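Okay, model11.cif now, which holds mmCIF, C-alpha atoms and all ligand atoms:
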```cif
data_my_file
#
loop_
_atom_site.label_atom_id
_atom_site.label_comp_id
_atom_site.auth_asym_id
_atom_site.auth_seq_id
_atom_site.Cartn_x
_atom_site.Cartn_y
_atom_site.Cartn_z
CA MET S 1 -31.45 -0.03 156.64
CA PRO S 2 -33.07 3.19 157.91
CA THR S 3 -31.88 3.89 161.46
CA THR S 4 -33.47 6.54 163.67
CA LEU S 5 -32.20 7.56 167.07
CA LEU S 6 -35.25 8.18 169.23
CA VAL S 7 -34.85 10.45 172.24
CA VAL S 8 -36.65 8.72 175.08
CA LYS S 9 -35.90 10.66 178.25
CA GLY S 10 -37.38 9.61 181.57
CA VAL S 11 -40.94 10.68 182.24
CA SER S 12 -41.98 11.31 185.80
CA CYS S 13 -45.30 10.23 187.21
CA PRO S 14 -48.04 10.96 184.73
CA LEU S 15 -50.73 13.28 186.09
CA PRO S 16 -51.12 13.52 189.87
CA HIS S 17 -54.02 11.14 190.47
CA VAL S 18 -52.54 8.50 188.18
CA GLY S 19 -49.04 9.10 189.47
CA VAL S 20 -50.03 8.14 192.99
CA ALA S 21 -51.50 4.89 191.71
CA ILE S 22 -48.54 4.12 189.50
CA GLU S 23 -45.90 4.70 192.15
CA ARG S 24 -47.50 1.73 193.87
CA VAL S 25 -46.75 -0.66 191.01
CA PHE S 26 -43.08 0.15 190.53
CA ASP S 27 -40.83 -0.55 193.46
CA ALA S 28 -38.06 0.93 191.36
CA TRP S 29 -39.65 3.64 189.24
CA ALA S 30 -37.12 4.50 186.55
CA TRP S 31 -34.29 2.51 188.19
CA CYS S 32 -32.44 3.18 184.98
CA GLU S 33 -32.72 6.58 183.35
CA SER S 34 -33.81 6.12 179.76
CA ASP S 35 -32.11 8.24 177.12
CA VAL S 36 -32.00 6.96 173.54
CA LEU S 37 -33.39 4.06 171.56
CA GLU S 38 -32.02 3.03 168.20
CA TRP S 39 -34.91 2.13 165.90
CA ARG S 40 -34.50 0.42 162.56
CA ARG S 41 -36.81 -0.48 159.72
CA PRO S 42 -36.18 -2.90 156.85
CA ALA S 43 -33.82 -1.64 154.18
CA ALA S 44 -36.44 -1.61 151.45
CA SER S 45 -39.29 -0.17 153.51
CA GLY S 46 -40.82 3.02 152.24
CA GLN S 47 -43.46 4.68 154.38
CA LEU S 48 -43.97 3.45 157.93
CA ASP S 49 -46.90 1.04 157.92
CA LYS S 50 -49.66 2.68 159.98
CA THR S 51 -52.49 0.53 158.71
CA VAL S 52 -52.67 -2.08 161.44
CA ALA S 53 -54.61 -1.33 164.60
CA ILE S 54 -52.91 -1.83 167.96
CA ASP S 55 -54.29 -4.80 169.83
CA SER S 56 -53.18 -6.90 172.77
CA GLN S 57 -50.97 -9.20 170.71
CA ASN S 58 -47.22 -8.76 170.64
CA PRO S 59 -46.65 -7.75 166.99
CA ALA S 60 -44.70 -10.25 164.89
CA GLU S 61 -42.86 -7.35 163.24
CA LEU S 62 -41.27 -6.22 166.53
CA VAL S 63 -38.04 -7.60 167.97
CA PHE S 64 -35.21 -6.35 170.16
CA VAL S 65 -31.89 -7.19 168.53
CA PHE S 66 -28.71 -7.49 170.58
CA LYS S 67 -26.08 -4.95 169.63
CA GLU S 68 -22.77 -6.19 168.33
CA GLY S 69 -20.57 -7.28 171.22
CA ALA S 70 -23.38 -7.15 173.80
CA ASP S 71 -23.76 -10.12 176.16
CA SER S 72 -26.88 -11.96 175.07
CA THR S 73 -26.31 -15.14 177.04
CA PHE S 74 -28.27 -14.28 180.19
CA LEU S 75 -31.56 -13.81 178.39
CA PRO S 76 -33.73 -16.11 176.27
CA ARG S 77 -32.54 -15.47 172.73
CA GLU S 78 -33.33 -16.51 169.20
CA LEU S 79 -31.71 -15.73 165.89
CA ALA S 80 -32.87 -12.25 164.94
CA ARG S 81 -33.31 -13.06 161.27
CA PHE S 82 -36.20 -15.40 162.06
CA HIS S 83 -38.19 -12.44 163.38
CA ALA S 84 -36.80 -9.39 161.59
CA LYS S 85 -36.98 -9.83 157.82
CA GLY S 86 -35.38 -7.49 155.35
CA TYR S 87 -32.74 -6.11 157.71
CA GLY S 88 -29.86 -8.14 156.28
CA LEU S 89 -29.40 -9.94 159.60
CA GLU S 90 -27.32 -13.11 159.67
CA GLU S 91 -26.04 -14.51 162.97
CA GLU S 92 -27.23 -11.69 165.23
CA TRP S 93 -29.26 -12.64 168.29
CA ALA S 94 -32.54 -11.11 169.39
CA LEU S 95 -34.42 -11.23 172.65
CA ALA S 96 -36.94 -14.07 172.33
CA PRO S 97 -40.31 -12.39 171.71
CA TYR S 98 -41.87 -14.16 174.69
CA ALA S 99 -39.15 -12.91 177.04
CA ILE S 100 -40.11 -9.27 177.66
CA ASP S 101 -40.82 -10.06 181.32
CA ASP S 102 -37.54 -11.98 181.68
CA ALA S 103 -35.68 -8.97 180.29
CA THR S 104 -37.56 -6.59 182.59
CA ASP S 105 -36.50 -8.66 185.62
CA LEU S 106 -32.96 -9.58 184.58
CA LEU S 107 -31.90 -6.15 183.32
CA TYR S 108 -32.96 -4.77 186.67
CA GLU S 109 -31.24 -7.52 188.67
CA ARG S 110 -27.99 -7.12 186.75
CA HIS S 111 -28.26 -3.38 186.32
CA VAL S 112 -27.65 -3.61 182.61
CA LYS S 113 -28.73 -0.54 180.64
CA PRO S 114 -31.18 -1.55 177.91
CA ARG S 115 -29.60 0.87 175.41
CA ASP S 116 -26.25 -0.90 175.80
CA LEU S 117 -27.88 -4.19 174.85
CA PHE S 118 -30.56 -3.65 172.24
CA TRP S 119 -31.71 -1.84 169.16
CA VAL S 120 -35.33 -2.27 168.15
CA ALA S 121 -36.55 -3.62 164.82
CA ALA S 122 -40.08 -2.38 164.14
CA SER S 123 -41.58 -2.09 160.67
CA SER S 124 -44.98 -0.68 161.61
CA LEU S 125 -46.38 2.01 163.88
CA ARG S 126 -48.10 -0.74 165.86
CA ALA S 127 -44.77 -2.51 166.42
CA LEU S 128 -43.01 0.71 167.35
CA VAL S 129 -45.68 1.63 169.91
CA TRP S 130 -45.35 -1.81 171.51
CA GLY S 131 -41.57 -1.45 171.35
CA LEU S 132 -41.74 1.83 173.25
CA HIS S 133 -44.12 0.25 175.75
CA ASP S 134 -41.65 -2.61 176.34
CA TRP S 135 -38.81 -0.07 176.58
CA ALA S 136 -40.72 1.55 179.44
CA HIS S 137 -40.98 -1.86 181.17
CA PHE S 138 -37.23 -2.34 180.84
CA HIS S 139 -36.52 0.89 182.73
CA ASN S 140 -38.96 0.40 185.57
CA HIS S 141 -39.39 -2.50 187.91
CA GLY S 142 -42.10 -3.71 190.19
CA PRO S 143 -43.85 -6.81 191.50
CA PHE S 144 -46.32 -6.87 188.58
CA ASP S 145 -49.16 -7.88 190.87
CA GLU S 146 -51.42 -5.18 189.42
CA PRO S 147 -50.79 -5.78 185.72
CA ALA S 148 -53.42 -3.37 184.36
CA LEU S 149 -51.92 -0.51 186.33
CA THR S 150 -48.35 -1.43 185.34
CA GLU S 151 -49.38 -1.63 181.69
CA LEU S 152 -51.12 1.74 181.99
CA ALA S 153 -47.93 3.31 183.31
CA CYS S 154 -45.90 1.87 180.45
CA ASP S 155 -48.49 2.95 177.87
CA LEU S 156 -48.45 6.53 179.14
CA VAL S 157 -44.68 6.70 178.99
CA ALA S 158 -44.66 5.12 175.51
CA ILE S 159 -47.20 7.57 174.21
CA SER S 160 -45.27 10.56 175.49
CA TRP S 161 -42.12 9.24 173.77
CA LEU S 162 -44.14 8.76 170.60
CA ARG S 163 -45.28 12.37 170.74
CA GLU S 164 -41.82 13.72 171.45
CA ASN S 165 -40.36 11.86 168.47
CA ARG S 166 -43.30 12.52 166.15
CA GLU S 167 -41.24 14.19 163.44
CA ALA S 168 -38.47 11.59 163.45
CA ILE S 169 -41.05 8.82 163.35
CA GLY S 170 -43.35 10.51 160.87
CA VAL S 171 -46.66 10.62 162.68
CA ASP S 172 -49.23 13.41 162.68
CA ASP S 173 -51.95 14.52 165.09
CA ALA S 174 -54.48 12.09 163.64
CA ASP S 175 -52.05 9.16 164.04
CA LEU S 176 -51.30 10.17 167.62
CA GLU S 177 -54.95 10.45 168.55
CA ARG S 178 -55.75 7.11 166.96
CA VAL S 179 -52.92 5.42 168.90
CA ALA S 180 -54.10 7.10 172.11
CA LEU S 181 -57.65 5.85 171.71
CA GLU S 182 -56.59 2.33 170.73
CA LEU S 183 -54.33 2.10 173.78
CA ALA S 184 -57.08 3.52 175.98
CA GLY S 185 -59.42 0.78 174.75
CA LEU S 186 -56.84 -1.89 175.53
CA SER S 187 -56.26 -0.41 178.97
CA ARG S 188 -59.99 -0.40 179.68
CA SER S 189 -60.23 -4.08 178.79
CA ARG S 190 -57.28 -4.93 181.08
CA PHE S 191 -58.94 -3.26 184.08
CA GLU S 192 -62.21 -5.02 183.26
CA ALA S 193 -60.47 -8.40 182.97
CA GLU S 194 -58.79 -7.82 186.34
CA GLU S 195 -62.05 -6.56 187.83
CA LYS S 196 -60.22 -3.48 189.08
CA THR S 197 -61.19 0.16 188.90
CA ALA S 198 -58.99 2.28 186.67
CA PRO S 199 -57.41 5.34 188.35
CA THR S 200 -59.67 7.49 186.22
CA ALA S 201 -63.10 6.82 184.73
CA ASP S 202 -62.03 8.69 181.61
CA LEU S 203 -59.19 6.60 180.17
CA ASP S 204 -59.79 8.07 176.70
CA GLY S 205 -59.29 11.54 178.12
CA LEU S 206 -56.18 10.44 180.02
CA PHE S 207 -54.52 8.97 176.92
CA VAL S 208 -55.49 11.91 174.75
CA SER S 209 -54.02 14.33 177.29
CA ALA S 210 -50.86 12.18 177.43
CA VAL S 211 -50.49 12.31 173.68
CA ALA S 212 -51.05 16.06 173.81
CA GLY S 213 -47.97 16.37 176.03
CA GLU S 214 -49.69 17.00 179.31
CA LEU S 215 -47.70 14.49 181.37
CA ALA S 216 -45.67 15.88 184.23
CA ARG S 217 -41.93 16.06 183.75
ZN ZN M 1 -46.49 -4.41 179.04
#
```

Render the structure in this file as structure tokens.
Ligand SMILES: [Zn+2]
Amino acid sequence: MPTTLLVVKGVSCPLPHVGVAIERVFDAWAWCESDVLEWRRPAASGQLDKTVAIDSQNPAELVFVFKEGADSTFLPRELARFHAKGYGLEEEWALAPYAIDDATDLLYERHVKPRDLFWVAASSLRALVWGLHDWAHFHNHGPFDEPALTELACDLVAISWLRENREAIGVDDADLERVALELAGLSRSRFEAEEKTAPTADLDGLFVSAVAGELAR
């Protein structure tokens, strides 16, 4: 099956005015330095599926699979083959799709590096973007009492990783801009649902600048 090693180095606080807000939501900003993420697609997959818009649902075609020999017993787990089709998986375990928050908490508590535990199965751009977003959660920890702001932080990190790996992933400027605007729309709806003010009135502009590589390092 096609395997791609994505380089996902730590990103410091995105843009000064947002950075101040985001430092509030992570009591352990980047407790674990991120470095690489192993991404796989089904053996028979041709082009990456970019057709499906990103929405608030966790994509069915995304799952974090435990690496061979990794301890999977302290997290909710399910057989990977039930979620990741076409990868030739048999008895391998995957993180239960509902357990992203459990993993975020327990990896932090146990100081287990996500890259030692998981590779990500993602057959579409939508799934990969969500996978990168979750990867950002796994490396940062906070009380999660301002969800819209936490999600914004993870989105901005995910989008900068997407940009930095654009050639390996196979996305162009138009793909990146589309992802940025879809994520900005989601972010806007989260702040509205929470009845909170976003750190900037121009979320579209913030996401587009993030995808253009204008986040601070
Ligand atoms: Zn999230």

Could you pull out the residues sitting within 9 Å of ligand ZN 1 (chain M), using only C-alpha atoms and all ligand atoms, and write them as a list in words?
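The distance check yields Ile100, Asp101, Trp130, His133, Asp134, Ala136, His137, Pro147, Ala148, Thr150, Glu151, Leu152, Ala153, Cys154 and Asp155 of chain S.
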
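Using only C-alpha atoms for every distance, the candidate list S:Ala80, S:Trp31, S:Ala158, S:Leu75 yields S:Trp31 as the residue closest to Lys113 of chain S.
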
Kindly assemble as a tab-separated table a list of the segment 101-142 of chain S residues that lie within 7 Å of segment 47-65 of chain S, each paired with its nearest atom pair and their distance in Å to one decimal, using all atoms listed in the file, sorted first by chain and then by ascending residue number.
```
residue	atom	partner	partner_atom	distance
S:Phe118	CA	S:Val65	CA	5.3
S:Trp119	CA	S:Val65	CA	5.4
S:Val120	CA	S:Phe64	CA	4.5
S:Ala121	CA	S:Val63	CA	5.3
S:Ala122	CA	S:Leu62	CA	4.7
S:Ser123	CA	S:Glu61	CA	6.0
S:Ser124	CA	S:Asp49	CA	4.5
S:Leu125	CA	S:Lys50	CA	5.1
S:Arg126	CA	S:Ile54	CA	5.4
S:Ala127	CA	S:Leu62	CA	5.1
S:Gly131	CA	S:Leu62	CA	6.8
```

With distances taken over all atoms listed in the file, which residue among S:Ala212, S:Asp175, S:Leu149, S:Phe26 lies nearest Glu194 of chain S?
S:Leu149

What lies within 12 Å of Tyr108 of chain S using all atoms listed in the file, ignoring chain neighbours under 2 positions off, as a list in words?
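In the requested form, the answer reads Phe26, Asp27, Ala28, Trp29, Ala30, Trp31, Cys32, Glu33, Asp101, Asp102, Ala103, Thr104, Asp105, Leu106, Arg110, His111, Val112, Lys113, Pro114, His137, Phe138, His139, Asn140, His141 and Gly142 of chain S.
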
Applying 9 Å and all atoms listed in the file, which residues near Val208 of chain S remain after dropping the ones on its own chain fewer than 4 positions away? List them as a compact mmCIF listing (two decimals) with C-alpha atoms, keeping the file's coordinate frame.
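As a result, result28.txt now contains:
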```txt
# COMPACT_ATOMS: atom_id res chain seq x y z
CA LEU S 176 -51.30 10.17 167.62
CA GLU S 177 -54.95 10.45 168.55
CA ALA S 180 -54.10 7.10 172.11
CA LEU S 181 -57.65 5.85 171.71
CA ALA S 184 -57.08 3.52 175.98
CA LEU S 203 -59.19 6.60 180.17
CA ASP S 204 -59.79 8.07 176.70
CA ALA S 212 -51.05 16.06 173.81
CA GLY S 213 -47.97 16.37 176.03
CA GLU S 214 -49.69 17.00 179.31
```

Could you check how far atom CA of Ala21 of chain S sits from atom CA of Trp161 of chain S, in Å to one decimal?
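Atom CA of Trp161 of chain S lies 20.7 Å from atom CA of Ala21 of chain S.
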
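Counting only C-alpha atoms and comparing S:Pro199, S:Gly205, S:Gly86, S:Gly69, the residue that lies closest to Pro42 of chain S is S:Gly86.
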
From the list S:Ala44, S:Val25, S:Leu206, S:Val171, which residue is nearest Arg188 of chain S when using all atoms listed in the file?
S:Leu206

Please, what distance in Å, to one decimal, runs between atom CA of Arg166 of chain S and atom CA of Val11 of chain S?
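Those two atoms sit 16.4 Å apart.
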
For Arg40 of chain S, which residue out of S:Ala84, S:Ala94, S:Val179, S:Ala198 is the nearest one, using all atoms listed in the file?
S:Ala84

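Distance annotation: of S:Leu5, S:Val18, S:Glu146, S:Glu182, the residue with the minimal separation from Lys196 of chain S is S:Glu146; atom set is only C-alpha atoms.
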
Leaving out Ser160 of chain S and any residue of its chain fewer than 3 positions from it, which residues lie within 6 Å of it when counting all atoms listed in the file, given as a list of chain:residue names?
S:Val157, S:Arg163, S:Val211

Provide the atom CA of Asp173 of chain S to atom CA of Arg41 of chain S distance in Å, to one decimal place.
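Result for atom CA of Asp173 of chain S versus atom CA of Arg41 of chain S: 22.0 Å, one decimal.
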
Selection near segment 34-36 of chain S, 6 Å with only C-alpha atoms, sequence-local residues under 2 positions removed, as a list in words
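My list of contacting residues is Leu6, Val7, Val8, Lys9 and Gly10 of chain S.
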
So that I can check the surroundings of Glu68 of chain S, please list as a PyMOL selection string every protein, DNA and RNA residue that reaches within 9 Å of it, counting all atoms listed in the file and ignoring chain neighbours fewer than 3 positions away.
chain S and resi 71+92+117

Residues as selected, C-alpha atoms, written as an mmCIF file, keeping the file's coordinate frame, can you do that?
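Written file, selection-v7.cif:
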```cif
data_model
loop_
_atom_site.group_PDB
_atom_site.id
_atom_site.type_symbol
_atom_site.label_atom_id
_atom_site.label_comp_id
_atom_site.auth_asym_id
_atom_site.auth_seq_id
_atom_site.Cartn_x
_atom_site.Cartn_y
_atom_site.Cartn_z
ATOM 1 C CA ASP S 71 -23.760 -10.120 176.160
ATOM 2 C CA GLU S 92 -27.230 -11.690 165.230
ATOM 3 C CA LEU S 117 -27.880 -4.190 174.850
#
```

Atoms added to segment 94-130 of chain S (N, CA and C atoms), reported as a short mmCIF file (atom, residue, chain, number, x, y, z; two decimals), keeping the file's coordinate frame:
```
data_model
loop_
_atom_site.label_atom_id
_atom_site.label_comp_id
_atom_site.auth_asym_id
_atom_site.auth_seq_id
_atom_site.Cartn_x
_atom_site.Cartn_y
_atom_site.Cartn_z
N ALA S 94 -31.49 -12.02 168.92
CA ALA S 94 -32.54 -11.11 169.39
C ALA S 94 -33.12 -11.66 170.68
N LEU S 95 -33.67 -10.78 171.48
CA LEU S 95 -34.42 -11.23 172.65
C LEU S 95 -35.60 -12.07 172.15
N ALA S 96 -35.79 -13.25 172.73
CA ALA S 96 -36.94 -14.07 172.33
C ALA S 96 -38.21 -13.25 172.55
N PRO S 97 -39.12 -13.25 171.59
CA PRO S 97 -40.31 -12.39 171.71
C PRO S 97 -41.16 -12.64 172.96
N TYR S 98 -41.07 -13.85 173.50
CA TYR S 98 -41.87 -14.16 174.69
C TYR S 98 -41.18 -13.69 175.98
N ALA S 99 -39.98 -13.12 175.85
CA ALA S 99 -39.15 -12.91 177.04
C ALA S 99 -39.08 -11.46 177.51
N ILE S 100 -40.10 -10.68 177.20
CA ILE S 100 -40.11 -9.27 177.66
C ILE S 100 -40.05 -9.21 179.19
N ASP S 101 -40.82 -10.07 179.85
CA ASP S 101 -40.82 -10.06 181.32
C ASP S 101 -39.47 -10.51 181.88
N ASP S 102 -38.87 -11.53 181.24
CA ASP S 102 -37.54 -11.98 181.68
C ASP S 102 -36.55 -10.82 181.59
N ALA S 103 -36.61 -10.09 180.47
CA ALA S 103 -35.68 -8.97 180.29
C ALA S 103 -35.95 -7.90 181.35
N THR S 104 -37.22 -7.61 181.59
CA THR S 104 -37.56 -6.59 182.59
C THR S 104 -36.94 -6.95 183.95
N ASP S 105 -37.05 -8.22 184.33
CA ASP S 105 -36.50 -8.66 185.62
C ASP S 105 -34.98 -8.71 185.61
N LEU S 106 -34.41 -9.31 184.57
CA LEU S 106 -32.96 -9.58 184.58
C LEU S 106 -32.12 -8.33 184.33
N LEU S 107 -32.63 -7.42 183.52
CA LEU S 107 -31.90 -6.15 183.32
C LEU S 107 -31.81 -5.41 184.66
N TYR S 108 -32.92 -5.43 185.36
CA TYR S 108 -32.96 -4.77 186.67
C TYR S 108 -32.00 -5.45 187.65
N GLU S 109 -32.10 -6.79 187.72
CA GLU S 109 -31.24 -7.52 188.67
C GLU S 109 -29.76 -7.29 188.40
N ARG S 110 -29.41 -7.26 187.11
CA ARG S 110 -27.99 -7.12 186.75
C ARG S 110 -27.57 -5.68 186.52
N HIS S 111 -28.54 -4.78 186.60
CA HIS S 111 -28.26 -3.38 186.32
C HIS S 111 -27.57 -3.17 184.98
N VAL S 112 -28.15 -3.79 183.98
CA VAL S 112 -27.65 -3.61 182.61
C VAL S 112 -28.54 -2.59 181.92
N LYS S 113 -27.94 -1.57 181.33
CA LYS S 113 -28.73 -0.54 180.64
C LYS S 113 -29.28 -1.11 179.33
N PRO S 114 -30.59 -1.01 179.15
CA PRO S 114 -31.18 -1.55 177.91
C PRO S 114 -30.52 -0.99 176.64
N ARG S 115 -30.16 0.28 176.64
CA ARG S 115 -29.60 0.87 175.41
C ARG S 115 -28.22 0.31 175.08
N ASP S 116 -27.54 -0.28 176.08
CA ASP S 116 -26.25 -0.90 175.80
C ASP S 116 -26.41 -2.28 175.17
N LEU S 117 -27.63 -2.81 175.28
CA LEU S 117 -27.88 -4.19 174.85
C LEU S 117 -28.60 -4.27 173.51
N PHE S 118 -29.63 -3.44 173.35
CA PHE S 118 -30.56 -3.65 172.24
C PHE S 118 -30.71 -2.46 171.31
N TRP S 119 -31.01 -2.77 170.04
CA TRP S 119 -31.71 -1.84 169.16
C TRP S 119 -33.04 -2.50 168.83
N VAL S 120 -34.01 -1.70 168.40
CA VAL S 120 -35.33 -2.27 168.15
C VAL S 120 -35.62 -2.30 166.64
N ALA S 121 -36.08 -3.46 166.19
CA ALA S 121 -36.55 -3.62 164.82
C ALA S 121 -38.07 -3.53 164.85
N ALA S 122 -38.62 -2.55 164.14
CA ALA S 122 -40.08 -2.38 164.14
C ALA S 122 -40.47 -1.79 162.79
N SER S 123 -41.27 -2.53 162.03
CA SER S 123 -41.58 -2.09 160.67
C SER S 123 -42.94 -1.42 160.55
N SER S 124 -43.67 -1.34 161.66
CA SER S 124 -44.98 -0.68 161.61
C SER S 124 -45.14 0.22 162.83
N LEU S 125 -46.09 1.13 162.73
CA LEU S 125 -46.38 2.01 163.88
C LEU S 125 -46.82 1.17 165.07
N ARG S 126 -47.64 0.16 164.79
CA ARG S 126 -48.10 -0.74 165.86
C ARG S 126 -46.90 -1.36 166.59
N ALA S 127 -45.94 -1.86 165.82
CA ALA S 127 -44.77 -2.51 166.42
C ALA S 127 -43.94 -1.50 167.20
N LEU S 128 -43.82 -0.29 166.66
CA LEU S 128 -43.01 0.71 167.35
C LEU S 128 -43.66 1.12 168.67
N VAL S 129 -44.98 1.26 168.66
CA VAL S 129 -45.68 1.63 169.91
C VAL S 129 -45.46 0.54 170.97
N TRP S 130 -45.60 -0.71 170.57
CA TRP S 130 -45.35 -1.81 171.51
C TRP S 130 -43.88 -1.83 171.95
#
```
